[in-house]
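Okay, structure first, notes after.
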Amino acid sequence: MNLKNKILFTTAFVVVFSLIFSACSVIETATNLQKLKFKISGVNDFRLMNVSLSGKTSISDLSWSDALKLKDLLTFKSFPVSFVLNLDALNPNDGKTTPIKSDATITGMEWRLLIDDVQTISGNINSPISIPSTGQSITIPIKMELDLYKFFSDRNYDKLIDLALALGGMNKDLTRVKLDIRPTVKTMFGNITYPGWITAVNKTYSN
């Protein structure tokens, strides 16, 4: 093999090796970005018929006018609640526990809210959310509005009140809330949507 051929062979080898290495790096990055972790960290500003239940343990903790307003709920067969669900997102690609350090950007996220394992409302987050590769989580606040009576019409007034207080009162029981999510993550390949749903719960991260 003459010098010219050796140079061409060496150049071709370097180019092919670089392409393979780059492709592997891209694939690994895309794979790691699909390992984002999520959990429910809290419920804030819970309101029933626009009456705040924050810090309350029973209807007796409400003012007389607010308690009277809630007594009329079942007359209209409606139990409208609103609250902010806090979803924590953690990017594990910090370069310490994973080979690659890479920030993650969620470009969209479908979600389905479950209460007592009953699927209720659904929605989507269309604004980009950046999750840095610092090993620290960020909180994504999601505004929720639904009518509990629509999904739990088999429960009487007292049980619906108990449910509302369990979700948004002083002694919040976040084990009764789950969030199915399907994120879309920005990668070098373009946007990649998770192939399946992730169920985010309280206390432990899901991925």
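By convention in this document, the chains of the structure tokens carry letters A, B, ... by their order, each chain's residues are numbered from 1, and ligands are numbered from 1 in the order they are shown.
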Surrounding residues of region 129-131 of chain A excluding itself and chain neighbours under 2 positions, 7 Å, only C-alpha atoms, as number ranges by chain:
A: 91, 103-107, 127, 133, 138
Would you export the selected residues with C-alpha atoms as an mmCIF file, in the first residue's frame, please?
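As a result, part-v1.cif now contains:
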```
data_model
loop_
_atom_site.group_PDB
_atom_site.id
_atom_site.type_symbol
_atom_site.label_atom_id
_atom_site.label_comp_id
_atom_site.auth_asym_id
_atom_site.auth_seq_id
_atom_site.Cartn_x
_atom_site.Cartn_y
_atom_site.Cartn_z
ATOM 1 C CA ASN A 91 -32.705 14.784 35.601
ATOM 2 C CA ASP A 103 -29.610 19.162 30.480
ATOM 3 C CA ALA A 104 -33.092 18.057 29.475
ATOM 4 C CA THR A 105 -35.890 20.055 27.916
ATOM 5 C CA ILE A 106 -39.466 18.801 28.092
ATOM 6 C CA THR A 107 -41.315 20.310 25.130
ATOM 7 C CA SER A 127 -44.582 25.215 27.323
ATOM 8 C CA SER A 133 -28.223 18.296 34.961
ATOM 9 C CA ILE A 138 -37.392 21.249 39.763
#
```
Test item: residues at most 6 Å from Lys39 (chain A), only C-alpha atoms, excluding those fewer than 6 positions along its chain, as a tab-separated table (two decimals) with C-alpha atoms, in the first residue's frame:
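Everything below was put into around_33.tsv:
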```tsv
chain	number	residue	atom	x	y	z
A	87	LEU	CA	-44.85	17.60	40.14
A	88	ASP	CA	-41.12	17.26	40.84
A	200	ALA	CA	-46.00	9.67	39.28
A	201	VAL	CA	-46.82	9.14	42.95
A	202	ASN	CA	-45.92	10.77	46.22
A	205	TYR	CA	-39.63	8.87	42.02
```
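For the set A:Thr134, A:Ser78, A:Asn86, A:Thr175, the residue with the smallest atom-to-atom gap to Ser153 (chain A) is A:Ser78, counting only C-alpha atoms.
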DSSP on the backbone, alpha helix (DSSP H) only: what residues of region 16-196 of chain A does that give? Format it as a VMD selection string.
chain A and resid 16 to 33 64 to 71 148 to 151 157 to 168
Please run DSSP on the backbone and report, as JSON, numbers by chain, all residues within region 68-198 of chain A that come out as strand (DSSP E or B).
{"A": [80, 81, 82, 83, 84, 85, 86, 87, 88, 89, 90, 94, 101, 104, 105, 106, 107, 108, 109, 110, 111, 112, 113, 114, 115, 118, 119, 120, 121, 122, 123, 124, 125, 129, 130, 131, 138, 139, 140, 141, 142, 143, 144, 145, 146, 147, 177, 178, 179, 180, 181, 182, 183, 184, 185, 186, 187, 190, 191, 192, 193, 198]}
Which one is closest to Val177 (chain A): A:Ser54, A:Leu163, A:Gly196, A:Pro132? Count only C-alpha atoms.
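Checking each of A:Ser54, A:Leu163, A:Gly196, A:Pro132 against Val177 (chain A), counting only C-alpha atoms, the winner is A:Leu163.
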Quick one: residues within 12 Å of Trp64 (chain A), only C-alpha atoms, excluding same-chain residues fewer than 6 positions away - as JSON, numbers by chain?
{"A": [51, 70, 71]}
Go ahead and write the selection's residues with N, CA and C atoms as a PDB file, in the first residue's frame.
```
ATOM      1  N   VAL A  51     -63.980  27.983  48.103  1.00  0.00           N
ATOM      2  CA  VAL A  51     -63.730  28.094  49.545  1.00  0.00           C
ATOM      3  C   VAL A  51     -62.418  27.382  49.849  1.00  0.00           C
ATOM      4  N   LEU A  70     -71.145  25.536  51.343  1.00  0.00           N
ATOM      5  CA  LEU A  70     -70.820  24.160  50.975  1.00  0.00           C
ATOM      6  C   LEU A  70     -71.997  23.213  51.211  1.00  0.00           C
ATOM      7  N   LYS A  71     -72.870  23.553  52.139  1.00  0.00           N
ATOM      8  CA  LYS A  71     -74.024  22.698  52.416  1.00  0.00           C
ATOM      9  C   LYS A  71     -74.972  22.630  51.213  1.00  0.00           C
TER      10      LYS A  71
END
```
Compare A:Ile125, A:Leu148, A:Leu73, A:Leu68 by their minimum atom-to-atom distance to Leu167 (chain A), counting only C-alpha atoms, and give me the closest one.
A:Leu148
Residue among A:Thr199, A:Ser102, A:Asp173, A:Ile140 lying closest to Thr187 (chain A), counting only C-alpha atoms
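Using only C-alpha atoms, the shortest distance to Thr187 (chain A) belongs to A:Ser102.
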